[in-house]
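K.L.:
What follows is the file coords_12.txt, containing compact mmCIF, C-alpha atoms:
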```
# COMPACT_ATOMS: atom_id res chain seq x y z
CA MET A 1 -21.86 -32.40 7.84
CA ARG A 2 -18.68 -30.94 6.24
CA VAL A 3 -19.39 -28.31 3.62
CA LEU A 4 -17.03 -26.53 1.23
CA LEU A 5 -18.22 -23.15 -0.13
CA VAL A 6 -16.65 -21.95 -3.39
CA ASP A 7 -17.22 -18.42 -4.71
CA ASP A 8 -14.90 -15.74 -6.07
CA GLU A 9 -16.81 -13.24 -3.93
CA VAL A 10 -14.81 -14.12 -0.82
CA GLU A 11 -16.75 -11.71 1.40
CA LEU A 12 -19.90 -13.60 0.47
CA VAL A 13 -18.63 -17.09 1.21
CA SER A 14 -16.91 -16.04 4.41
CA ALA A 15 -20.12 -14.49 5.82
CA LEU A 16 -22.20 -17.42 4.59
CA GLY A 17 -19.66 -19.84 6.05
CA GLU A 18 -19.72 -18.12 9.44
CA ARG A 19 -23.52 -18.34 9.49
CA LEU A 20 -23.39 -22.07 8.71
CA VAL A 21 -20.81 -22.60 11.48
CA ILE A 22 -23.17 -20.85 13.93
CA ARG A 23 -25.82 -23.39 12.84
CA GLY A 24 -23.55 -26.31 13.68
CA ILE A 25 -22.29 -27.03 10.16
CA GLU A 26 -18.58 -27.64 9.69
CA ALA A 27 -18.04 -25.14 6.88
CA GLU A 28 -14.92 -24.04 5.04
CA TRP A 29 -14.61 -21.68 2.10
CA VAL A 30 -12.30 -20.88 -0.81
CA GLY A 31 -12.34 -18.24 -3.58
CA THR A 32 -11.46 -20.25 -6.71
CA GLY A 33 -12.18 -23.57 -8.36
CA GLU A 34 -8.48 -24.40 -8.28
CA GLU A 35 -8.36 -23.90 -4.49
CA ALA A 36 -11.44 -26.13 -4.19
CA LEU A 37 -9.68 -28.91 -6.12
CA GLN A 38 -6.64 -28.64 -3.85
CA LYS A 39 -8.80 -28.64 -0.73
CA VAL A 40 -10.85 -31.68 -1.77
CA ALA A 41 -7.63 -33.51 -2.68
CA ARG A 42 -6.49 -33.11 0.95
CA GLU A 43 -9.72 -33.26 2.97
CA ALA A 44 -13.06 -35.05 2.88
CA PHE A 45 -16.26 -33.04 2.49
CA ASP A 46 -19.86 -34.19 2.26
CA LEU A 47 -21.14 -31.30 0.18
CA ALA A 48 -19.79 -28.51 -2.02
CA VAL A 49 -21.71 -25.28 -2.65
CA LEU A 50 -20.41 -23.85 -5.93
CA ASP A 51 -20.86 -20.49 -7.62
CA MET A 52 -21.83 -21.17 -11.22
CA LYS A 53 -19.78 -18.39 -12.76
CA MET A 54 -16.26 -17.65 -11.58
CA PRO A 55 -12.94 -16.88 -13.22
CA GLY A 56 -11.15 -20.13 -14.03
CA ILE A 57 -12.86 -23.45 -13.53
CA ALA A 58 -16.47 -23.15 -12.33
CA GLY A 59 -19.98 -24.56 -12.58
CA LEU A 60 -20.52 -28.01 -14.07
CA ALA A 61 -16.86 -28.31 -15.15
CA LEU A 62 -15.75 -27.81 -11.54
CA LYS A 63 -18.35 -30.30 -10.34
CA GLU A 64 -17.00 -32.95 -12.72
CA ARG A 65 -13.41 -32.39 -11.60
CA LEU A 66 -14.37 -32.50 -7.91
CA GLN A 67 -16.50 -35.58 -8.44
CA ALA A 68 -13.56 -37.32 -10.11
CA GLN A 69 -11.55 -36.65 -6.94
CA ASP A 70 -14.34 -37.65 -4.56
CA PRO A 71 -17.27 -39.60 -6.06
CA HIS A 72 -19.24 -39.28 -2.80
CA LEU A 73 -19.23 -35.47 -2.82
CA LYS A 74 -22.66 -33.83 -3.33
CA PHE A 75 -23.34 -30.41 -4.84
CA ILE A 76 -25.49 -27.31 -4.67
CA PHE A 77 -25.03 -24.44 -7.13
CA LEU A 78 -25.43 -20.73 -6.45
CA THR A 79 -26.17 -18.24 -9.20
CA GLY A 80 -26.41 -14.47 -9.35
CA TYR A 81 -28.68 -14.50 -12.39
CA GLY A 82 -32.00 -12.88 -11.81
CA SER A 83 -34.35 -12.98 -14.78
CA GLU A 84 -36.97 -15.67 -15.18
CA GLU A 85 -35.71 -16.41 -18.68
CA VAL A 86 -32.15 -17.03 -17.57
CA PHE A 87 -33.45 -19.02 -14.60
CA GLU A 88 -35.23 -21.35 -17.02
CA ASP A 89 -32.05 -21.72 -19.09
CA ILE A 90 -30.16 -22.71 -15.96
CA ARG A 91 -32.87 -25.16 -14.95
CA ARG A 92 -32.50 -26.81 -18.35
CA ASP A 93 -28.69 -26.76 -18.50
CA TYR A 94 -28.30 -27.89 -14.91
CA ALA A 95 -31.11 -30.47 -14.91
CA GLY A 96 -30.71 -32.90 -12.03
CA ASN A 97 -28.73 -30.42 -9.94
CA VAL A 98 -29.88 -28.28 -7.04
CA PHE A 99 -29.34 -24.54 -7.55
CA LEU A 100 -30.27 -21.46 -5.59
CA ILE A 101 -30.36 -17.81 -6.61
CA LYS A 102 -28.33 -15.17 -4.76
CA PRO A 103 -29.02 -13.51 -2.38
CA VAL A 104 -29.72 -16.89 -0.82
CA ASP A 105 -31.92 -17.33 2.24
CA ILE A 106 -29.95 -19.19 4.91
CA ASP A 107 -32.92 -21.36 5.87
CA GLU A 108 -33.47 -22.23 2.22
CA LEU A 109 -29.80 -23.18 1.89
CA MET A 110 -29.92 -25.27 5.07
CA GLY A 111 -33.06 -27.01 3.78
CA ALA A 112 -31.44 -27.71 0.40
CA MET A 113 -28.32 -29.07 2.10
CA ARG A 114 -30.36 -31.39 4.28
CA ALA A 115 -32.42 -32.55 1.28
CA VAL A 116 -29.33 -33.30 -0.81
CA MET A 117 -27.70 -35.27 2.00
CA THR A 118 -30.92 -37.17 2.80
CA ALA A 119 -31.32 -38.09 -0.88
CA ALA A 120 -27.67 -39.22 -0.95
CA LYS A 121 -28.26 -41.55 2.02
CA GLU A 122 -31.32 -43.04 0.37
CA ASP A 123 -29.40 -43.82 -2.86
CA MET B 1 -24.95 8.52 -35.24
CA GLU B 2 -27.57 11.21 -34.84
CA ARG B 3 -28.96 11.77 -31.38
CA ASP B 4 -32.50 10.83 -32.22
CA SER B 5 -31.87 8.16 -34.80
CA LEU B 6 -33.06 4.69 -33.87
CA PRO B 7 -30.22 2.57 -32.48
CA GLY B 8 -29.17 -0.48 -34.44
CA ALA B 9 -29.42 -4.03 -33.17
CA ALA B 10 -25.70 -4.04 -32.36
CA ASP B 11 -26.10 -0.93 -30.20
CA LEU B 12 -28.98 -2.53 -28.31
CA ARG B 13 -26.98 -5.73 -27.80
CA PHE B 14 -24.11 -3.66 -26.42
CA PHE B 15 -26.44 -1.76 -24.10
CA GLY B 16 -27.95 -5.08 -22.96
CA ALA B 17 -24.58 -6.72 -22.40
CA VAL B 18 -23.36 -3.85 -20.24
CA GLY B 19 -26.65 -3.71 -18.32
CA ALA B 20 -26.59 -7.46 -17.67
CA SER B 21 -22.99 -7.38 -16.53
CA ILE B 22 -23.64 -4.48 -14.15
CA SER B 23 -26.79 -6.07 -12.74
CA HIS B 24 -24.87 -9.30 -12.12
CA GLU B 25 -22.20 -7.42 -10.21
CA MET B 26 -24.82 -5.49 -8.25
CA LYS B 27 -26.50 -8.77 -7.31
CA ASN B 28 -23.22 -9.94 -5.82
CA VAL B 29 -22.97 -6.76 -3.75
CA LEU B 30 -26.52 -7.22 -2.47
CA ALA B 31 -25.85 -10.90 -1.75
CA ILE B 32 -22.82 -9.97 0.36
CA ILE B 33 -24.73 -7.28 2.28
CA ASN B 34 -27.55 -9.80 2.76
CA GLU B 35 -25.15 -12.31 4.34
CA MET B 36 -23.49 -9.64 6.50
CA VAL B 37 -26.86 -8.45 7.81
CA GLY B 38 -27.84 -12.08 8.38
CA LEU B 39 -24.61 -12.70 10.29
CA LEU B 40 -25.20 -9.58 12.42
CA ASP B 41 -28.69 -10.85 13.15
CA ASP B 42 -27.30 -14.26 14.14
CA LEU B 43 -24.73 -12.65 16.44
CA SER B 44 -27.26 -10.31 18.06
CA ARG B 45 -29.57 -13.27 18.74
CA MET B 46 -26.68 -15.12 20.32
CA ALA B 47 -25.82 -12.03 22.40
CA ALA B 48 -29.43 -11.95 23.61
CA THR B 49 -28.92 -15.44 25.03
CA GLY B 50 -25.85 -14.30 26.97
CA ARG B 51 -23.03 -15.07 24.55
CA PRO B 52 -20.62 -12.11 24.52
CA LEU B 53 -20.31 -10.10 21.32
CA GLU B 54 -16.89 -8.51 20.84
CA PRO B 55 -17.01 -4.82 19.76
CA GLU B 56 -14.04 -5.45 17.43
CA ARG B 57 -16.06 -8.02 15.52
CA LEU B 58 -18.96 -5.62 15.15
CA GLN B 59 -16.65 -2.86 13.93
CA SER B 60 -15.05 -5.20 11.43
CA MET B 61 -18.45 -6.21 10.09
CA THR B 62 -19.74 -2.66 9.73
CA GLY B 63 -16.50 -1.77 7.92
CA ARG B 64 -17.00 -4.68 5.53
CA MET B 65 -20.59 -3.60 4.89
CA GLN B 66 -19.53 0.00 4.27
CA ALA B 67 -16.99 -1.28 1.74
CA GLN B 68 -19.74 -3.12 -0.12
CA VAL B 69 -22.01 -0.06 -0.07
CA ALA B 70 -19.13 1.97 -1.55
CA ARG B 71 -18.61 -0.74 -4.16
CA GLY B 72 -22.31 -0.70 -5.04
CA ASP B 73 -22.24 3.10 -5.24
CA GLY B 74 -19.34 2.93 -7.70
CA ILE B 75 -21.17 0.36 -9.81
CA MET B 76 -24.33 2.48 -9.93
CA ARG B 77 -22.35 5.61 -10.79
CA GLY B 78 -20.85 3.71 -13.68
CA LEU B 79 -24.29 2.61 -14.82
CA ASN B 80 -25.58 6.17 -14.59
CA ARG B 81 -22.65 7.51 -16.59
CA PHE B 82 -23.11 4.80 -19.19
CA CYS B 83 -26.83 5.48 -19.56
CA HIS B 84 -26.20 9.22 -19.95
CA SER B 85 -23.59 8.67 -22.66
CA VAL B 86 -26.47 8.47 -25.16
CA ASP B 87 -27.15 12.14 -24.31
CA ARG B 88 -23.77 13.18 -25.71
CA PRO B 89 -24.17 12.86 -29.51
CA ARG B 90 -21.20 15.08 -30.25
CA ASP B 91 -18.86 16.04 -27.50
CA THR B 92 -15.19 16.60 -26.87
CA LEU B 93 -14.14 13.56 -24.90
CA ASP B 94 -11.10 12.61 -22.89
CA LEU B 95 -10.12 9.43 -24.71
CA THR B 96 -8.06 8.08 -21.82
CA ASP B 97 -10.86 8.58 -19.34
CA LEU B 98 -13.41 7.03 -21.68
CA THR B 99 -11.15 4.06 -22.46
CA GLY B 100 -10.60 3.49 -18.73
CA PHE B 101 -14.34 3.69 -18.16
CA VAL B 102 -15.09 1.06 -20.82
CA ALA B 103 -12.28 -1.14 -19.47
CA ASP B 104 -13.92 -0.88 -16.06
CA LEU B 105 -17.26 -1.95 -17.54
CA ALA B 106 -15.55 -4.95 -19.20
CA LYS B 107 -13.48 -5.94 -16.16
CA ARG B 108 -15.72 -8.75 -14.98
CA ARG B 109 -16.09 -10.22 -18.49
CA ALA B 110 -12.31 -10.19 -18.74
CA ALA B 111 -11.89 -11.71 -15.27
CA LEU B 112 -14.16 -14.61 -16.19
CA ARG B 113 -11.61 -15.45 -18.88
CA GLU B 114 -8.81 -14.84 -16.38
CA VAL B 115 -7.68 -11.79 -18.34
CA THR B 116 -6.56 -8.61 -16.56
CA LEU B 117 -7.06 -5.15 -18.05
CA GLU B 118 -4.65 -2.29 -17.41
CA THR B 119 -5.00 1.36 -18.47
CA PRO B 120 -1.75 3.21 -17.70
CA PRO B 121 -1.92 7.02 -17.75
CA PRO B 122 -0.76 8.51 -21.07
CA PRO B 123 2.17 10.92 -21.35
CA GLN B 124 -0.28 13.60 -22.47
CA PRO B 125 -4.09 13.76 -22.57
CA GLN B 126 -5.79 12.64 -25.77
CA ARG B 127 -9.04 14.24 -26.80
CA VAL B 128 -11.53 13.33 -29.49
CA THR B 129 -14.78 14.81 -30.71
CA ALA B 130 -17.29 12.02 -31.08
CA ASN B 131 -20.59 10.51 -30.04
CA ALA B 132 -19.82 9.19 -26.54
CA PHE B 133 -22.04 6.12 -26.79
CA ALA B 134 -20.75 5.18 -30.25
CA LEU B 135 -17.16 5.48 -29.08
CA GLU B 136 -17.86 3.43 -25.95
CA HIS B 137 -19.42 0.77 -28.17
CA LEU B 138 -16.42 0.74 -30.50
CA ILE B 139 -13.89 0.44 -27.66
CA TRP B 140 -16.04 -2.28 -26.06
CA ALA B 141 -16.06 -4.20 -29.37
CA CYS B 142 -12.26 -3.91 -29.57
CA LEU B 143 -11.97 -5.13 -26.00
CA GLU B 144 -14.30 -8.06 -26.62
CA ARG B 145 -12.17 -9.04 -29.59
CA ALA B 146 -8.96 -8.65 -27.55
CA ILE B 147 -10.34 -10.64 -24.60
CA ALA B 148 -11.44 -13.43 -26.95
CA LEU B 149 -7.97 -13.52 -28.52
CA ALA B 150 -6.00 -13.32 -25.28
CA ASP B 151 -4.69 -16.44 -23.64
CA ARG B 152 -5.89 -17.28 -20.13
CA GLY B 153 -3.88 -15.35 -17.54
CA ALA B 154 -2.95 -12.61 -20.02
CA THR B 155 -2.75 -8.93 -19.14
CA LEU B 156 -4.13 -6.59 -21.79
CA VAL B 157 -2.76 -3.06 -21.67
CA LEU B 158 -4.89 -0.27 -23.16
CA ARG B 159 -2.77 2.75 -24.05
CA THR B 160 -4.09 6.00 -25.45
CA GLU B 161 -1.57 8.01 -27.41
CA ALA B 162 -1.10 10.38 -30.33
CA GLY B 163 -0.91 8.43 -33.59
CA PRO B 164 0.30 9.65 -36.99
CA ALA B 165 -3.23 10.65 -38.07
CA GLY B 166 -4.91 11.35 -34.74
CA PRO B 167 -5.37 9.87 -31.30
CA ARG B 168 -5.41 6.11 -30.98
CA VAL B 169 -5.98 3.28 -28.53
CA ARG B 170 -3.49 0.42 -28.60
CA ILE B 171 -4.43 -2.85 -26.92
CA THR B 172 -1.29 -4.89 -26.35
CA GLY B 173 -0.68 -8.27 -24.76
CA LEU B 174 -2.52 -10.47 -27.26
CA THR B 175 -0.98 -13.91 -27.15
CA PRO B 176 -3.61 -16.22 -28.65
CA ALA B 177 -3.52 -19.81 -27.39
CA GLY B 178 -4.55 -21.20 -30.77
CA PRO B 179 -4.35 -20.35 -34.46
CA THR B 180 -5.78 -16.90 -35.17
CA ASP B 181 -7.03 -15.40 -38.40
CA TRP B 182 -5.61 -11.92 -37.91
CA ALA B 183 -6.65 -10.96 -41.44
CA ALA B 184 -10.29 -11.27 -40.34
CA ILE B 185 -9.84 -8.22 -38.07
CA PRO B 186 -11.87 -6.10 -38.28
CA ASP B 187 -14.94 -8.14 -39.11
CA GLU B 188 -17.99 -6.54 -40.73
CA GLY B 189 -19.58 -5.47 -37.45
CA GLU B 190 -16.38 -3.93 -36.09
CA ARG B 191 -15.75 -2.15 -39.40
CA ARG B 192 -19.22 -0.57 -39.30
CA LEU B 193 -18.78 0.59 -35.71
CA ALA B 194 -15.45 2.17 -36.64
CA GLU B 195 -16.69 3.73 -39.87
CA ARG B 196 -19.48 5.71 -38.27
CA LEU B 197 -16.84 7.52 -36.20
CA GLY B 198 -14.39 7.85 -39.07
CA ALA B 199 -12.08 5.46 -37.22
CA THR B 200 -10.13 2.38 -38.31
CA LEU B 201 -9.33 -0.82 -36.48
CA SER B 202 -6.28 -2.85 -37.41
CA ALA B 203 -4.28 -5.73 -35.98
CA ASP B 204 -0.54 -6.23 -35.72
CA PRO B 205 0.05 -9.99 -35.25
CA ALA B 206 3.82 -9.59 -34.77
CA ALA B 207 3.33 -7.13 -31.90
CA GLY B 208 0.22 -8.94 -30.63
CA GLU B 209 -1.85 -5.79 -30.62
CA LEU B 210 -5.02 -4.15 -31.85
CA ILE B 211 -4.87 -0.52 -32.90
CA LEU B 212 -7.92 1.73 -32.94
CA SER B 213 -7.11 4.93 -34.81
CA LEU B 214 -9.47 7.88 -34.41
CA PRO B 215 -9.76 11.06 -36.47
CA GLU B 216 -8.12 14.29 -35.37
CA LEU B 217 -10.16 16.55 -33.14
CA GLY B 218 -12.75 18.08 -35.42
```
Could you write out this file's structure as structure tokens?
P.N.:
Amino acid sequence: MRVLLVDDEVELVSALGERLVIRGIEAEWVGTGEEALQKVAREAFDLAVLDMKMPGIAGLALKERLQAQDPHLKFIFLTGYGSEEVFEDIRRDYAGNVFLIKPVDIDELMGAMRAVMTAAKED
Amino acid sequence: MERDSLPGAADLRFFGAVGASISHEMKNVLAIINEMVGLLDDLSRMAATGRPLEPERLQSMTGRMQAQVARGDGIMRGLNRFCHSVDRPRDTLDLTDLTGFVADLAKRRAALREVTLETPPPPQPQRVTANAFALEHLIWACLERAIALADRGATLVLRTEAGPAGPRVRITGLTPAGPTDWAAIPDEGERRLAERLGATLSADPAAGELILSLPELG
């Protein structure tokens, strides 16, 4: 599985990426939505893990642009929001998408990645 | 604003906005430390199975974690200072320092709009006597307005200087992407925030700047 991690907190995605690599995932990471668009234009990925709020293009807008470049690409969103109220807002706004709250548990992320890819194969 | 008077809704919204922004940034710091600790755990487990663990890698990781702890400490110091500003109902304040502090609080909001904030040191210190929280709120409101007006990629420069009637803060670098109703500045909310400090907010469309003029040291 090839995964692209996108987050403006580069220290976060680099550590997360290294942990995925240790678990046998082919992971790469970038710090902006623009870099993600360039990367996906050049290389094929199975899954993109996107921060919902970043400077420049982010969240659902970034998903749409990436999907236009590669219709087969699947997505998981990461958010730093913490309150239950905001969590419910996100669940509503991002209905149909998988999202996880930071700090993310690596096993939870791995499970979500597997679930998204399994669902994609069944489609 | 009297020390013990009930804060208005706008003050509470400001307090909430700053608190939410700081907590978001703190969450990022904790998320990074969480991943670093997780990575250390992964590497130590691998070392236990015989895979060598380079000391340089460990040193690099501890350095990265220390940097995040220092970042988190800075964020929490800012929060503490902000919370204690309500304890300073009338104080002589260093306007440059306070403007820089508010700019720091607004940095992430600006970054999300791809706007950079700069606070160059003034030729001479500018001091004002004011309610610290009320002045922070007023400068924040000016910055919010400036960030909303600025085009993506813009750099806003906040200068504190001596004006004709007292110290002032000039926010330059406003290059709106679309049509802008400069005559609507200040709006009612901004005017009220300024009035309670005896200040005025004005806009100069030709220069692309907002000017916050404060009363002389009283």
K.L.:
Which residues, written as an NGL selection string, have at least one atom at most 8 Å from range 138-152 of chain B, with only C-alpha atoms counted and residues fewer than 3 positions away on the same chain left out?
P.N.:
:B and (99 or 102-103 or 106 or 110 or 113-115 or 134-135 or 156 or 171 or 173-177 or 180 or 190 or 193-194 or 210 or 212)
K.L.:
As lines of an AutoDock Vina configuration file, please: the centre and edge lengths in Å, to one decimal, of an axis-aligned box enclosing every listed atom of range 110-116 of chain A with 3 Å added on each side.
P.N.:
```
center_x = -30.7
center_y = -29.3
center_z = 2.1
size_x = 10.7
size_y = 14.0
size_z = 11.9
```
K.L.:
Give as a PyMOL selection string every residue of chain B that touches chain A within 7 Å, counting only C-alpha atoms.
P.N.:
chain B and resi 24+27-28+30-32+34-36+39+111-114
K.L.:
Got a sec: who's within 10 Å of Asp204 in chain B, counting only C-alpha atoms, leaving out chain neighbours fewer than 4 positions off, as a list of chain:residue names?
P.N.:
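Once the nearby chain positions are removed, what remains is B:Thr172, B:Leu174, B:Trp182, B:Ala183, B:Ile185, B:Gly208, B:Glu209, B:Leu210, B:Ile211.
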K.L.:
For each of B:Ala206, B:Ala184, B:Met61, B:Leu98, take the minimum atom-to-atom distance to Leu158 in chain B, counting all atoms listed in the file, then give the residue where this is smallest.
P.N.:
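Under the stated criterion, the closest residue is B:Leu98.
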K.L.:
Nearest residue to Leu47 in chain A out of A:Val3, A:Leu66, A:Asp89, A:Thr32, using all atoms listed in the file?
P.N.:
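Of A:Val3, A:Leu66, A:Asp89, A:Thr32, the one nearest Leu47 in chain A is A:Val3, counting all atoms listed in the file.
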K.L.:
Quick one: everything within 8 Å of range 125-133 of chain B, counting all atoms listed in the file, minus sequence neighbours fewer than 3 positions away in the same chain. Send it as an mmCIF file with C-alpha atoms, keeping the file's coordinate frame.
P.N.:
```cif
data_model
loop_
_atom_site.group_PDB
_atom_site.id
_atom_site.type_symbol
_atom_site.label_atom_id
_atom_site.label_comp_id
_atom_site.auth_asym_id
_atom_site.auth_seq_id
_atom_site.Cartn_x
_atom_site.Cartn_y
_atom_site.Cartn_z
ATOM 1 C CA MET B 1 -24.950 8.520 -35.240
ATOM 2 C CA PHE B 82 -23.110 4.800 -19.190
ATOM 3 C CA SER B 85 -23.590 8.670 -22.660
ATOM 4 C CA VAL B 86 -26.470 8.470 -25.160
ATOM 5 C CA ARG B 88 -23.770 13.180 -25.710
ATOM 6 C CA PRO B 89 -24.170 12.860 -29.510
ATOM 7 C CA ARG B 90 -21.200 15.080 -30.250
ATOM 8 C CA ASP B 91 -18.860 16.040 -27.500
ATOM 9 C CA THR B 92 -15.190 16.600 -26.870
ATOM 10 C CA LEU B 93 -14.140 13.560 -24.900
ATOM 11 C CA ASP B 94 -11.100 12.610 -22.890
ATOM 12 C CA LEU B 95 -10.120 9.430 -24.710
ATOM 13 C CA THR B 96 -8.060 8.080 -21.820
ATOM 14 C CA PRO B 122 -0.760 8.510 -21.070
ATOM 15 C CA GLU B 136 -17.860 3.430 -25.950
ATOM 16 C CA HIS B 137 -19.420 0.770 -28.170
ATOM 17 C CA THR B 160 -4.090 6.000 -25.450
ATOM 18 C CA GLU B 161 -1.570 8.010 -27.410
ATOM 19 C CA ALA B 162 -1.100 10.380 -30.330
ATOM 20 C CA PRO B 167 -5.370 9.870 -31.300
ATOM 21 C CA LEU B 197 -16.840 7.520 -36.200
ATOM 22 C CA LEU B 214 -9.470 7.880 -34.410
ATOM 23 C CA PRO B 215 -9.760 11.060 -36.470
ATOM 24 C CA GLU B 216 -8.120 14.290 -35.370
ATOM 25 C CA LEU B 217 -10.160 16.550 -33.140
ATOM 26 C CA GLY B 218 -12.750 18.080 -35.420
#
```
K.L.:
If you measure from CA of Ala70 in chain B to CA of Leu109 in chain A, what distance in Å do you get, rounded to one decimal?
P.N.:
27.5 Å
K.L.:
Do you have the CA of Leu117 in chain B-CA of Val157 in chain B distance handy?
P.N.:
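A separation of 6.0 Å between them.
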K.L.:
What gap, in Å, lies between CA of Arg192 in chain B and CA of Ser213 in chain B?
P.N.:
14.0 Å
K.L.:
List the neighbours of Leu62 in chain A out to 12 Å using all atoms listed in the file; skip same-chain residues closer than 3 positions along the sequence, and give me the result as a PyMOL selection string.
P.N.:
chain A and resi 6-7+32-38+40+48-59+65-69+75-77
K.L.:
Could you name the residues that touch Gln68 in chain B at 9 Å or less, counting all atoms listed in the file, but leaving out those on the same chain fewer than 2 positions away, as a list in words?
P.N.:
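In the requested format, the answer is Val29, Leu30, Ile32, Ile33, Gly63, Arg64, Met65, Gln66, Ala70, Arg71, Gly72 and Asp73 of chain B.
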K.L.:
I need range 15-21 of chain B from the structure I supplied, saved as a JSON list (two decimals), in the first residue's frame with all heavy atoms retained.
P.N.:
```json
[["chain", "number", "residue", "atom", "x", "y", "z"],
["B", 15, "PHE", "N", -11.85, 36.15, 23.84],
["B", 15, "PHE", "CA", -11.18, 35.24, 24.76],
["B", 15, "PHE", "C", -11.31, 33.79, 24.24],
["B", 15, "PHE", "O", -10.34, 33.03, 24.25],
["B", 15, "PHE", "CB", -11.81, 35.35, 26.16],
["B", 15, "PHE", "CG", -10.90, 34.91, 27.26],
["B", 15, "PHE", "CD1", -10.02, 35.80, 27.85],
["B", 15, "PHE", "CD2", -10.90, 33.61, 27.70],
["B", 15, "PHE", "CE1", -9.15, 35.40, 28.86],
["B", 15, "PHE", "CE2", -10.05, 33.18, 28.71],
["B", 15, "PHE", "CZ", -9.18, 34.09, 29.29],
["B", 16, "GLY", "N", -12.50, 33.44, 23.76],
["B", 16, "GLY", "CA", -12.73, 32.10, 23.24],
["B", 16, "GLY", "C", -11.91, 31.82, 21.99],
["B", 16, "GLY", "O", -11.36, 30.73, 21.82],
["B", 17, "ALA", "N", -11.84, 32.82, 21.11],
["B", 17, "ALA", "CA", -11.09, 32.62, 19.85],
["B", 17, "ALA", "C", -9.61, 32.39, 20.14],
["B", 17, "ALA", "O", -8.98, 31.50, 19.54],
["B", 17, "ALA", "CB", -11.27, 33.84, 18.95],
["B", 18, "VAL", "N", -9.07, 33.17, 21.06],
["B", 18, "VAL", "CA", -7.65, 33.00, 21.40],
["B", 18, "VAL", "C", -7.44, 31.64, 22.08],
["B", 18, "VAL", "O", -6.51, 30.90, 21.74],
["B", 18, "VAL", "CB", -7.16, 34.16, 22.31],
["B", 18, "VAL", "CG1", -5.76, 33.87, 22.84],
["B", 18, "VAL", "CG2", -7.16, 35.47, 21.54],
["B", 19, "GLY", "N", -8.32, 31.30, 23.01],
["B", 19, "GLY", "CA", -8.20, 30.02, 23.70],
["B", 19, "GLY", "C", -8.28, 28.84, 22.74],
["B", 19, "GLY", "O", -7.49, 27.89, 22.83],
["B", 20, "ALA", "N", -9.20, 28.92, 21.78],
["B", 20, "ALA", "CA", -9.36, 27.82, 20.82],
["B", 20, "ALA", "C", -8.12, 27.71, 19.93],
["B", 20, "ALA", "O", -7.65, 26.60, 19.63],
["B", 20, "ALA", "CB", -10.60, 28.06, 19.95],
["B", 21, "SER", "N", -7.60, 28.85, 19.51],
["B", 21, "SER", "CA", -6.43, 28.84, 18.65],
["B", 21, "SER", "C", -5.22, 28.24, 19.38],
["B", 21, "SER", "O", -4.48, 27.42, 18.83],
["B", 21, "SER", "CB", -6.14, 30.28, 18.20],
["B", 21, "SER", "OG", -4.98, 30.33, 17.44]]
```
